[in-house]
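S.K.: This is structure.tsv, which holds TSV, C-alpha atoms and all ligand atoms:
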chain	number	residue	atom	x	y	z
S	678	MET	CA	-79.09	247.15	118.74
S	679	ARG	CA	-82.81	246.50	118.43
S	680	ILE	CA	-84.93	243.68	117.05
S	681	ALA	CA	-86.45	245.24	113.92
S	682	ARG	CA	-88.09	242.33	112.11
S	683	ILE	CA	-89.34	238.82	112.83
S	684	GLU	CA	-90.31	236.38	110.15
S	685	ALA	CA	-91.65	232.87	110.86
S	686	TYR	CA	-92.34	229.87	108.64
S	687	ILE	CA	-93.88	226.44	109.04
S	688	ILE	CA	-91.95	223.68	107.28
S	689	GLN	CA	-92.98	220.06	106.97
S	690	VAL	CA	-90.16	217.65	107.89
S	691	GLU	CA	-90.32	214.15	106.40
S	692	LEU	CA	-88.61	211.25	108.14
S	693	ILE	CA	-86.43	208.79	106.25
S	694	LYS	CA	-87.93	205.94	108.33
S	695	PRO	CA	-91.32	206.00	110.17
S	696	TYR	CA	-90.89	206.25	113.96
S	697	LEU	CA	-93.13	204.27	116.33
S	698	THR	CA	-93.42	205.71	119.85
S	699	ALA	CA	-96.00	205.64	122.66
S	700	GLY	CA	-98.78	208.05	121.79
S	701	TYR	CA	-98.16	207.61	118.07
S	702	ALA	CA	-98.73	203.93	117.52
S	703	GLU	CA	-100.68	203.83	114.25
S	704	GLY	CA	-98.03	203.22	111.59
S	705	GLY	CA	-95.57	205.50	113.38
S	706	MET	CA	-94.68	209.10	112.62
S	707	THR	CA	-93.71	209.77	109.00
S	708	ALA	CA	-93.56	213.57	108.94
S	709	LYS	CA	-94.05	216.53	111.23
S	710	PRO	CA	-94.12	220.31	110.84
S	711	CYS	CA	-91.65	222.65	112.55
S	712	VAL	CA	-91.32	226.42	112.85
S	713	ILE	CA	-88.33	228.41	111.57
S	714	LEU	CA	-87.85	231.98	112.80
S	715	ARG	CA	-85.67	234.66	111.24
S	716	MET	CA	-84.83	237.70	113.41
S	717	THR	CA	-83.26	240.85	111.96
S	718	THR	CA	-81.83	243.78	113.91
S	719	ASP	CA	-81.73	247.49	113.06
S	720	ASN	CA	-77.95	247.21	112.49
S	721	GLY	CA	-78.42	244.53	109.84
S	722	LEU	CA	-77.65	241.32	111.75
S	723	GLN	CA	-79.76	238.25	111.13
S	724	GLY	CA	-80.28	235.24	113.40
S	725	PHE	CA	-82.30	232.06	113.10
S	726	GLY	CA	-84.31	230.00	115.57
S	727	GLU	CA	-86.37	226.84	115.32
S	728	SER	CA	-89.18	225.20	117.29
S	729	ASP	CA	-90.32	221.58	117.01
S	730	PRO	CA	-93.36	220.97	119.23
S	731	PHE	CA	-95.35	217.79	118.87
S	732	PRO	CA	-98.77	217.93	120.55
S	733	THR	CA	-98.72	214.33	121.76
S	734	PHE	CA	-95.72	215.12	123.98
S	735	THR	CA	-95.96	218.88	124.45
S	736	TYR	CA	-98.78	221.30	125.23
S	737	GLU	CA	-97.94	223.24	122.06
S	738	SER	CA	-98.13	222.70	118.31
S	739	PRO	CA	-96.45	224.48	115.36
S	740	GLU	CA	-99.71	226.37	114.80
S	741	THR	CA	-99.87	227.62	118.41
S	742	VAL	CA	-96.19	228.63	118.22
S	743	MET	CA	-96.96	230.71	115.09
S	744	HIS	CA	-99.99	232.23	116.83
S	745	MET	CA	-98.14	233.12	120.03
S	746	ILE	CA	-95.23	234.72	118.17
S	747	ARG	CA	-97.42	236.61	115.67
S	748	ASN	CA	-99.90	237.96	118.23
S	749	HIS	CA	-98.10	238.13	121.58
S	750	LEU	CA	-94.35	237.43	121.83
S	751	GLY	CA	-93.28	238.94	118.49
S	752	PRO	CA	-94.91	242.36	119.04
S	753	LEU	CA	-93.45	242.35	122.59
S	754	VAL	CA	-89.83	241.76	121.62
S	755	LEU	CA	-89.78	244.02	118.54
S	756	GLY	CA	-87.68	247.02	119.57
S	757	MET	CA	-85.92	245.17	122.40
S	758	ASP	CA	-82.16	244.66	122.50
S	759	PRO	CA	-81.42	240.96	121.84
S	760	ALA	CA	-78.26	241.32	123.97
S	761	ASN	CA	-80.38	241.75	127.11
S	762	LEU	CA	-81.31	238.10	127.43
S	763	VAL	CA	-82.46	238.30	131.06
S	764	ALA	CA	-84.79	241.18	130.23
S	765	LEU	CA	-86.00	239.43	127.08
S	766	HIS	CA	-87.03	236.35	129.07
S	767	ALA	CA	-88.45	238.34	131.97
S	768	SER	CA	-90.65	240.29	129.54
S	769	MET	CA	-91.82	237.17	127.73
S	770	ASP	CA	-92.56	235.37	131.03
S	771	ALA	CA	-94.44	238.38	132.39
S	772	LEU	CA	-96.63	238.53	129.28
S	773	VAL	CA	-97.33	234.78	129.05
S	774	PRO	CA	-96.14	232.19	131.58
S	775	GLY	CA	-95.22	228.88	129.98
S	776	TRP	CA	-95.27	228.45	126.17
S	777	PRO	CA	-91.59	227.31	126.02
S	778	PHE	CA	-91.77	226.19	122.39
S	779	ALA	CA	-92.98	229.66	121.35
S	780	LYS	CA	-90.22	231.40	123.34
S	781	ALA	CA	-87.40	229.08	122.24
S	782	PRO	CA	-86.99	230.25	118.62
S	783	ILE	CA	-86.90	233.89	119.77
S	784	ASP	CA	-84.25	233.01	122.37
S	785	ILE	CA	-82.18	230.96	119.89
S	786	ALA	CA	-82.25	233.70	117.23
S	787	ALA	CA	-81.30	236.34	119.86
S	788	HIS	CA	-78.29	234.23	120.92
S	789	ASP	CA	-77.32	233.76	117.25
S	790	ILE	CA	-77.41	237.54	116.72
S	791	LEU	CA	-75.57	238.36	119.96
S	792	GLY	CA	-72.78	235.92	119.10
S	793	GLN	CA	-72.39	237.53	115.69
S	794	ALA	CA	-72.44	241.02	117.22
S	795	LEU	CA	-69.64	240.07	119.65
S	796	GLY	CA	-67.80	237.85	117.16
S	797	VAL	CA	-67.97	234.76	119.40
S	798	PRO	CA	-69.67	231.33	119.28
S	799	VAL	CA	-72.95	230.98	121.16
S	800	TYR	CA	-71.37	228.52	123.62
S	801	GLN	CA	-69.10	231.38	124.72
S	802	LEU	CA	-72.21	233.36	125.68
S	803	LEU	CA	-73.39	230.36	127.73
S	804	GLY	CA	-70.19	230.13	129.77
S	805	GLY	CA	-67.71	228.59	127.34
S	806	GLN	CA	-67.03	225.07	126.17
S	807	VAL	CA	-65.98	222.22	128.46
S	808	ARG	CA	-65.76	219.76	125.56
S	809	ASP	CA	-65.10	219.94	121.82
S	810	ARG	CA	-67.05	216.84	120.79
S	811	ILE	CA	-70.22	215.05	121.90
S	812	PRO	CA	-71.02	211.38	121.23
S	813	MET	CA	-74.32	210.71	119.46
S	814	LEU	CA	-76.64	207.77	120.00
S	815	TRP	CA	-79.13	206.26	117.61
S	816	PRO	CA	-82.88	205.92	118.34
S	817	LEU	CA	-84.85	202.75	117.65
S	818	GLY	CA	-88.66	203.00	117.47
S	819	GLY	CA	-91.16	200.22	118.14
S	820	ASP	CA	-90.68	197.17	115.93
S	821	THR	CA	-90.33	193.39	116.22
S	822	PRO	CA	-87.49	192.12	118.44
S	823	GLU	CA	-85.74	190.72	115.33
S	824	ALA	CA	-86.03	193.94	113.31
S	825	ASN	CA	-84.88	196.08	116.26
S	826	ALA	CA	-81.93	193.76	116.92
S	827	HIS	CA	-80.97	193.86	113.22
S	828	GLU	CA	-81.04	197.68	113.11
S	829	ALA	CA	-79.15	197.87	116.43
S	830	VAL	CA	-76.31	195.73	115.04
S	831	GLN	CA	-76.21	197.88	111.88
S	832	LYS	CA	-75.99	201.11	113.89
S	833	ILE	CA	-73.25	199.79	116.19
S	834	ALA	CA	-71.34	198.71	113.06
S	835	GLU	CA	-71.72	202.30	111.79
S	836	GLY	CA	-69.96	203.49	114.96
S	837	TYR	CA	-72.71	204.44	117.42
S	838	ARG	CA	-71.74	203.38	120.97
S	839	SER	CA	-75.16	203.68	122.66
S	840	LEU	CA	-78.81	203.33	121.65
S	841	HIS	CA	-82.09	205.05	122.56
S	842	ILE	CA	-85.00	202.62	122.49
S	843	LYS	CA	-88.65	203.66	122.43
S	844	LEU	CA	-90.93	201.62	124.69
S	845	GLY	CA	-94.59	201.91	125.60
S	846	ALA	CA	-96.17	201.76	122.14
S	847	LEU	CA	-96.28	197.95	122.24
S	848	SER	CA	-97.11	195.62	125.15
S	849	PRO	CA	-94.62	195.47	128.06
S	850	GLU	CA	-93.97	191.80	127.24
S	851	VAL	CA	-93.00	192.67	123.66
S	852	ASP	CA	-90.92	195.61	124.89
S	853	VAL	CA	-88.96	193.36	127.28
S	854	ALA	CA	-88.43	190.83	124.47
S	855	ARG	CA	-87.21	193.64	122.19
S	856	LEU	CA	-84.69	194.83	124.77
S	857	ARG	CA	-83.41	191.34	125.43
S	858	ALA	CA	-82.98	190.77	121.67
S	859	ILE	CA	-81.19	194.11	121.20
S	860	SER	CA	-78.94	193.55	124.23
S	861	GLN	CA	-78.03	190.06	123.09
S	862	ALA	CA	-77.30	191.29	119.57
S	863	VAL	CA	-75.05	194.23	120.48
S	864	GLY	CA	-73.50	192.82	123.65
S	865	PRO	CA	-73.60	193.92	127.28
S	866	GLU	CA	-71.07	196.76	126.89
S	867	ILE	CA	-73.43	198.95	124.79
S	868	PRO	CA	-75.57	201.17	127.07
S	869	LEU	CA	-79.25	201.19	126.17
S	870	MET	CA	-81.35	204.15	127.26
S	871	VAL	CA	-85.04	203.44	127.12
S	872	ASP	CA	-87.83	205.98	126.71
S	873	VAL	CA	-91.42	205.12	127.57
S	874	ASN	CA	-92.95	208.51	126.66
S	875	GLN	CA	-95.48	208.29	129.54
S	876	GLY	CA	-96.69	204.94	128.23
S	877	TRP	CA	-97.04	202.99	131.53
S	878	ASP	CA	-99.02	203.22	134.72
S	879	TYR	CA	-97.26	202.78	138.07
S	880	SER	CA	-97.66	199.02	138.47
S	881	THR	CA	-96.67	198.30	134.85
S	882	ALA	CA	-93.62	200.52	135.27
S	883	LEU	CA	-92.54	198.87	138.54
S	884	ARG	CA	-92.97	195.35	137.17
S	885	THR	CA	-91.35	196.05	133.79
S	886	ILE	CA	-88.39	198.09	135.03
S	887	ARG	CA	-87.49	195.32	137.49
S	888	GLN	CA	-87.38	192.90	134.55
S	889	LEU	CA	-84.92	195.21	132.78
S	890	GLU	CA	-82.47	195.57	135.64
S	891	SER	CA	-80.24	192.69	134.52
S	892	LEU	CA	-79.59	194.38	131.14
S	893	ASN	CA	-77.21	197.29	130.46
S	894	ILE	CA	-79.94	199.93	130.70
S	895	SER	CA	-78.50	203.38	131.45
S	896	MET	CA	-81.81	205.08	132.31
S	897	VAL	CA	-85.58	204.83	131.95
S	898	GLU	CA	-87.06	208.01	130.56
S	899	GLN	CA	-90.53	209.24	131.47
S	900	PRO	CA	-92.18	205.90	132.32
S	901	LEU	CA	-95.19	207.68	133.88
S	902	ALA	CA	-97.38	210.61	132.87
S	903	ALA	CA	-95.67	214.00	132.98
S	904	ASN	CA	-97.83	215.26	135.87
S	905	GLU	CA	-97.28	212.19	138.09
S	906	ILE	CA	-94.29	213.59	140.00
S	907	ASP	CA	-95.30	211.92	143.28
S	908	ALA	CA	-95.60	208.54	141.58
S	909	MET	CA	-92.24	209.07	139.83
S	910	ALA	CA	-90.64	209.71	143.25
S	911	LYS	CA	-92.18	206.53	144.65
S	912	LEU	CA	-91.04	204.58	141.58
S	913	GLN	CA	-87.50	206.00	141.74
S	914	ALA	CA	-87.29	204.86	145.37
S	915	SER	CA	-88.40	201.34	144.35
S	916	VAL	CA	-86.10	200.57	141.40
S	917	ASN	CA	-82.34	200.49	140.91
S	918	LEU	CA	-82.25	202.11	137.46
S	919	PRO	CA	-82.15	205.92	137.24
S	920	LEU	CA	-85.35	207.49	135.95
S	921	SER	CA	-85.15	210.42	133.55
S	922	VAL	CA	-87.64	213.27	133.21
S	923	ASP	CA	-88.45	214.53	129.73
S	924	GLU	CA	-92.12	215.49	129.25
S	925	ALA	CA	-92.19	216.47	132.97
S	926	LEU	CA	-89.32	218.98	132.68
S	927	HIS	CA	-89.85	222.31	130.90
S	928	SER	CA	-88.84	224.98	133.40
S	929	THR	CA	-86.49	225.90	136.22
S	930	HIS	CA	-89.46	225.59	138.62
S	931	GLU	CA	-90.19	222.04	137.53
S	932	ALA	CA	-86.48	221.24	137.82
S	933	VAL	CA	-86.48	222.33	141.47
S	934	THR	CA	-89.64	220.32	142.23
S	935	ILE	CA	-88.20	217.17	140.65
S	936	ILE	CA	-84.96	217.51	142.62
S	937	ARG	CA	-86.80	218.22	145.89
S	938	GLN	CA	-88.98	215.15	145.46
S	939	ASP	CA	-86.15	212.97	144.11
S	940	ALA	CA	-88.52	212.08	141.27
S	941	ALA	CA	-85.73	211.37	138.74
S	942	ARG	CA	-81.94	210.98	138.64
S	943	VAL	CA	-81.40	212.23	135.04
S	944	PHE	CA	-82.63	215.44	133.37
S	945	SER	CA	-83.53	215.21	129.71
S	946	LEU	CA	-82.84	218.60	128.12
S	947	LYS	CA	-84.34	219.87	124.88
S	948	VAL	CA	-83.72	223.43	123.81
S	949	GLY	CA	-87.30	223.87	122.54
S	950	LYS	CA	-89.03	222.21	125.47
S	951	CYS	CA	-86.98	224.24	127.96
S	952	GLY	CA	-87.81	227.59	126.31
S	953	GLY	CA	-84.49	228.21	124.57
S	954	LEU	CA	-80.77	228.20	125.33
S	955	PHE	CA	-80.87	230.57	128.30
S	956	ARG	CA	-83.34	228.48	130.32
S	957	THR	CA	-81.81	225.17	129.20
S	958	ARG	CA	-78.47	226.33	130.62
S	959	GLN	CA	-80.17	227.36	133.88
S	960	ILE	CA	-81.87	223.95	134.20
S	961	ALA	CA	-78.51	222.26	133.57
S	962	ALA	CA	-77.01	224.35	136.41
S	963	ILE	CA	-79.79	223.31	138.80
S	964	ALA	CA	-79.08	219.70	137.84
S	965	GLU	CA	-75.35	220.20	138.41
S	966	ALA	CA	-76.00	221.61	141.90
S	967	ALA	CA	-78.04	218.48	142.68
S	968	ARG	CA	-75.37	216.17	141.19
S	969	THR	CA	-77.85	215.10	138.53
S	970	PRO	CA	-76.50	214.28	135.05
S	971	CYS	CA	-78.16	215.69	131.93
S	972	PHE	CA	-79.05	213.94	128.70
S	973	VAL	CA	-79.15	216.24	125.65
S	974	ASN	CA	-82.26	215.15	123.86
S	975	SER	CA	-84.19	216.26	120.77
S	976	MET	CA	-87.59	216.39	119.20
S	977	ILE	CA	-87.83	215.54	115.50
S	978	GLU	CA	-85.74	218.55	114.50
S	979	MET	CA	-84.01	220.27	111.63
S	980	GLY	CA	-80.44	221.46	111.88
S	981	ILE	CA	-80.98	224.81	113.59
S	982	SER	CA	-82.34	223.14	116.74
S	983	VAL	CA	-79.60	220.50	116.58
S	984	MET	CA	-76.90	223.19	116.31
S	985	ALA	CA	-78.42	225.12	119.22
S	986	SER	CA	-78.32	221.89	121.27
S	987	VAL	CA	-74.66	221.31	120.32
S	988	HIS	CA	-73.73	224.80	121.56
S	989	VAL	CA	-75.43	224.34	124.93
S	990	ALA	CA	-74.20	220.74	125.32
S	991	ALA	CA	-70.64	222.00	124.85
S	992	THR	CA	-71.02	224.03	128.06
S	993	VAL	CA	-72.59	221.46	130.41
S	994	PRO	CA	-70.06	219.58	132.59
S	995	ASN	CA	-72.66	217.19	134.03
S	996	LEU	CA	-73.67	215.24	130.91
S	997	VAL	CA	-74.46	211.52	131.00
S	998	LYS	CA	-71.46	209.53	129.81
S	999	HIS	CA	-73.07	207.87	126.78
S	1000	GLY	CA	-74.38	209.32	123.52
S	1001	HIS	CA	-76.80	212.21	123.12
S	1002	ALA	CA	-79.72	212.73	120.73
S	1003	LEU	CA	-77.90	215.08	118.37
S	1004	MET	CA	-78.70	213.06	115.25
S	1005	SER	CA	-82.17	214.39	114.43
S	1006	ASN	CA	-81.11	216.02	111.16
S	1007	LEU	CA	-79.70	212.64	110.04
S	1008	ARG	CA	-83.21	211.16	110.24
S	1009	ILE	CA	-85.00	213.63	107.94
S	1010	LYS	CA	-85.12	213.79	104.16
S	1011	GLU	CA	-84.24	217.47	103.82
S	1012	ASP	CA	-82.68	220.07	106.11
S	1013	ILE	CA	-82.60	223.81	105.46
S	1014	LEU	CA	-78.97	223.94	106.56
S	1015	LEU	CA	-76.42	223.44	103.79
S	1016	ASP	CA	-74.49	220.18	103.65
S	1017	GLY	CA	-71.29	220.42	105.61
S	1018	ASN	CA	-72.72	222.71	108.30
S	1019	PHE	CA	-72.07	219.88	110.79
S	1020	GLN	CA	-68.69	218.26	111.34
S	1021	TYR	CA	-68.38	214.69	112.59
S	1022	ASP	CA	-65.59	212.40	113.72
S	1023	GLY	CA	-67.04	208.94	113.55
S	1024	ARG	CA	-70.28	209.21	115.54
S	1025	ASP	CA	-69.10	212.16	117.62
S	1026	ILE	CA	-70.48	215.52	116.59
S	1027	LEU	CA	-67.81	218.20	116.75
S	1028	VAL	CA	-68.47	221.51	118.47
S	1029	PRO	CA	-67.88	224.20	115.81
S	1030	GLN	CA	-64.77	226.26	116.50
S	1031	ASP	CA	-64.26	229.90	115.54
S	1032	CYS	CA	-67.86	230.43	114.44
S	1033	LYS	CA	-69.80	233.60	115.17
S	1034	GLY	CA	-73.20	233.04	116.72
S	1035	LEU	CA	-74.53	229.56	116.00
S	1036	GLY	CA	-72.46	229.28	112.79
S	1037	LEU	CA	-75.52	228.43	110.65
S	1038	LYS	CA	-75.34	228.11	106.88
S	1039	VAL	CA	-78.99	228.35	105.82
S	1040	ASP	CA	-80.07	227.28	102.32
S	1041	GLU	CA	-82.35	230.22	101.50
S	1042	ASP	CA	-83.68	228.62	98.30
S	1043	LYS	CA	-84.74	225.52	100.20
S	1044	LEU	CA	-86.32	227.58	102.97
S	1045	ALA	CA	-88.36	229.51	100.38
S	1046	ARG	CA	-89.35	226.29	98.60
S	1047	LEU	CA	-90.41	224.36	101.73
S	1048	ALA	CA	-92.20	227.16	103.63
S	1049	GLN	CA	-95.93	226.41	103.94
S	1050	ASP	CA	-97.10	229.25	106.15
S	1051	HIS	CA	-95.39	232.53	106.76
S	1052	PHE	CA	-95.73	235.92	108.46
S	1053	VAL	CA	-93.62	239.03	108.96
S	1054	LEU	CA	-93.65	241.48	111.87
S	1055	GLU	CA	-91.75	244.77	111.65
S	1056	ILE	CA	-91.20	247.79	113.86
H	1101	MG	MG	-88.09	211.32	125.76
Please lay out the structure from this file as C-alpha cells.

M.R.:
Amino acid sequence: MRIARIEAYIIQVELIKPYLTAGYAEGGMTAKPCVILRMTTDNGLQGFGESDPFPTFTYESPETVMHMIRNHLGPLVLGMDPANLVALHASMDALVPGWPFAKAPIDIAAHDILGQALGVPVYQLLGGQVRDRIPMLWPLGGDTPEANAHEAVQKIAEGYRSLHIKLGALSPEVDVARLRAISQAVGPEIPLMVDVNQGWDYSTALRTIRQLESLNISMVEQPLAANEIDAMAKLQASVNLPLSVDEALHSTHEAVTIIRQDAARVFSLKVGKCGGLFRTRQIAAIAEAARTPCFVNSMIEMGISVMASVHVAATVPNLVKHGHALMSNLRIKEDILLDGNFQYDGRDILVPQDCKGLGLKVDEDKLARLAQDHFVLEI
C-alpha cells in the first residue's frame, strides 16, 4: 500500500459565540481557518486529517501548514506505506524537525487509512480502548463575572460536570472575581480548570494562584510563557494547585524536560499540537510513567480533529478525572462531518464501536463549498 495522492484545503470555521482569551483580547475570536487533508492510497483507500493551528498560541498557521505539506512533507510521504508509522514519522522528522501542526494531518489520515485497511478502529492501532466514553467540559471565555456565572449555571443545567475557564485576557482582579462568581453559582462540587494561555508573569501568577486555592480549581494551565520552564518549576514548587502545560508541550523531548524539572503536574494533549496521534500517544505514555495525568484538550477544531482526539483519549489510562475538551465541534456554525457522526450520552462523548479507521462521515458537498484554498499532490 502506498500513499498516491494528497489533497489539502483551507476552511474558515465560524464560532457560534465569540471567544475571549489571553492573546486575543479585542472582541474575542469569531472565526478561524483550519486545514483539511485528504490522503488516497494506490489501493483506493481514502483517509482524512485536520490541522488547527492558531499563531497566537502556536508557531504555525494554516498557511504555513499548507506550505510545509505542499513543498516538503507531502512530496516526502508520497509513495510511502501509511502502515509504517514509525518510518513515516522518522522521515518527516529527519526532513524538518518540529512543525507538529503540519505533520499531524498526515499522521491522522495515515491512521484513518491503516484502520480501514485492517478493518479496525484507530484506537485499536494505538493500543486498544480502556474506556468507552469520555466526559466533556464546557469552556468559558473572558466576560463579566455575572455573565460568566450565568453561562456556567446554564451549562451545568445542560449536564456538563466541569468547566474550563479562560483567564489572562482581563486583569487578575477581574479574573479572581469571575472565578468566585462562577464557583458560587455552580457550587463547590463542580471542578473548574483554568487556562491562562501564558497571560501572567511569575509574580502575578504566584499572587493570583494563591488567591484561587480556596476554590475547587482542578488545575492552572500555562500561567507563564511557553519557554519559561524554569519559572514554571519554581511556581509549581510554590503553589498547591497542579500546573498544566499546554503551549509548552509539543514533543516527546519537551515532555521529558517538563517531567525532569517538575515544571507541571498535568499534561495538556492536543493531537495537532503534538504532531498527530502517534506522538500524542507517546507523550501520554511518558506522562503515565511519571504518574502525571493528561487532559485531552483542543484548539478551535472541526470534527475530524475531535474524532482523532476521541480515539486517542480512549486509549489513555492516565486521564484527569473531570471533563475533556472534546466539544469543539459544538461551538462552530458548520462542520464538514455529517450530523450523527458523534454519539453522546448526556455530556459524555461515546467512543465509536465497530468503526474502521476513524469512522468519519465527511459531507463532500460541504467540503467543496467551504474550501477556500486547495492543492493536489500526486505520485
Ligand atoms: Mg490551553

S.K.: Within 6 Å of ligand MG 1101 (chain H) (counting all atoms listed in the file), which residues show up? I'd like them as a ChimeraX atom specification.

M.R.: /S:872,874,898,923

S.K.: One number please: atom CA of Gly864 of chain S to atom CA of Val916 of chain S, in Å, one decimal.

M.R.: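 Separation between atom CA of Gly864 of chain S and atom CA of Val916 of chain S: 23.1 Å.
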
S.K.: Taking into account only C-alpha atoms, which residue in the set S:Thr698, S:Asn893, S:Asn825, S:Thr718 is nearest to Arg855 of chain S?

M.R.: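 Answer, going by the shortest atom-to-atom distance: S:Asn825.
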
S.K.: Quick one, how far is atom CA of Lys1043 of chain S from atom CA of Asp1012 of chain S?

M.R.: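 The value is 8.3 Å.
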
S.K.: Find the distance between atom CA of Asn720 of chain S and atom CA of Met678 of chain S and write it in Å to one decimal.

M.R.: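 Those two atoms sit 6.4 Å apart.
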
S.K.: Tell me, as a ChimeraX atom specification, which residues lie within 10 Å of Gly756 of chain S, counting all atoms listed in the file; anything in the same chain fewer than 2 positions away does not count.

M.R.: /S:678-682,718-719,751-754,758-759,1055-1056

S.K.: Give the centre and edge lengths of an axis-aligned box, in Å to one decimal, that holds all listed atoms of segment 970-979 of chain S with 3 Å on each side, as JSON.

M.R.:
{"center_x": -82.2, "center_y": 217.1, "center_z": 123.3, "size_x": 17.3, "size_y": 12.3, "size_z": 29.4}

S.K.: Applying 10 Å and only C-alpha atoms, which residues near Asn917 of chain S remain after dropping the ones on its own chain fewer than 2 positions away? List them as a VMD selection string.

M.R.: chain S and resid 886 to 887 890 896 912 to 915 919 to 920
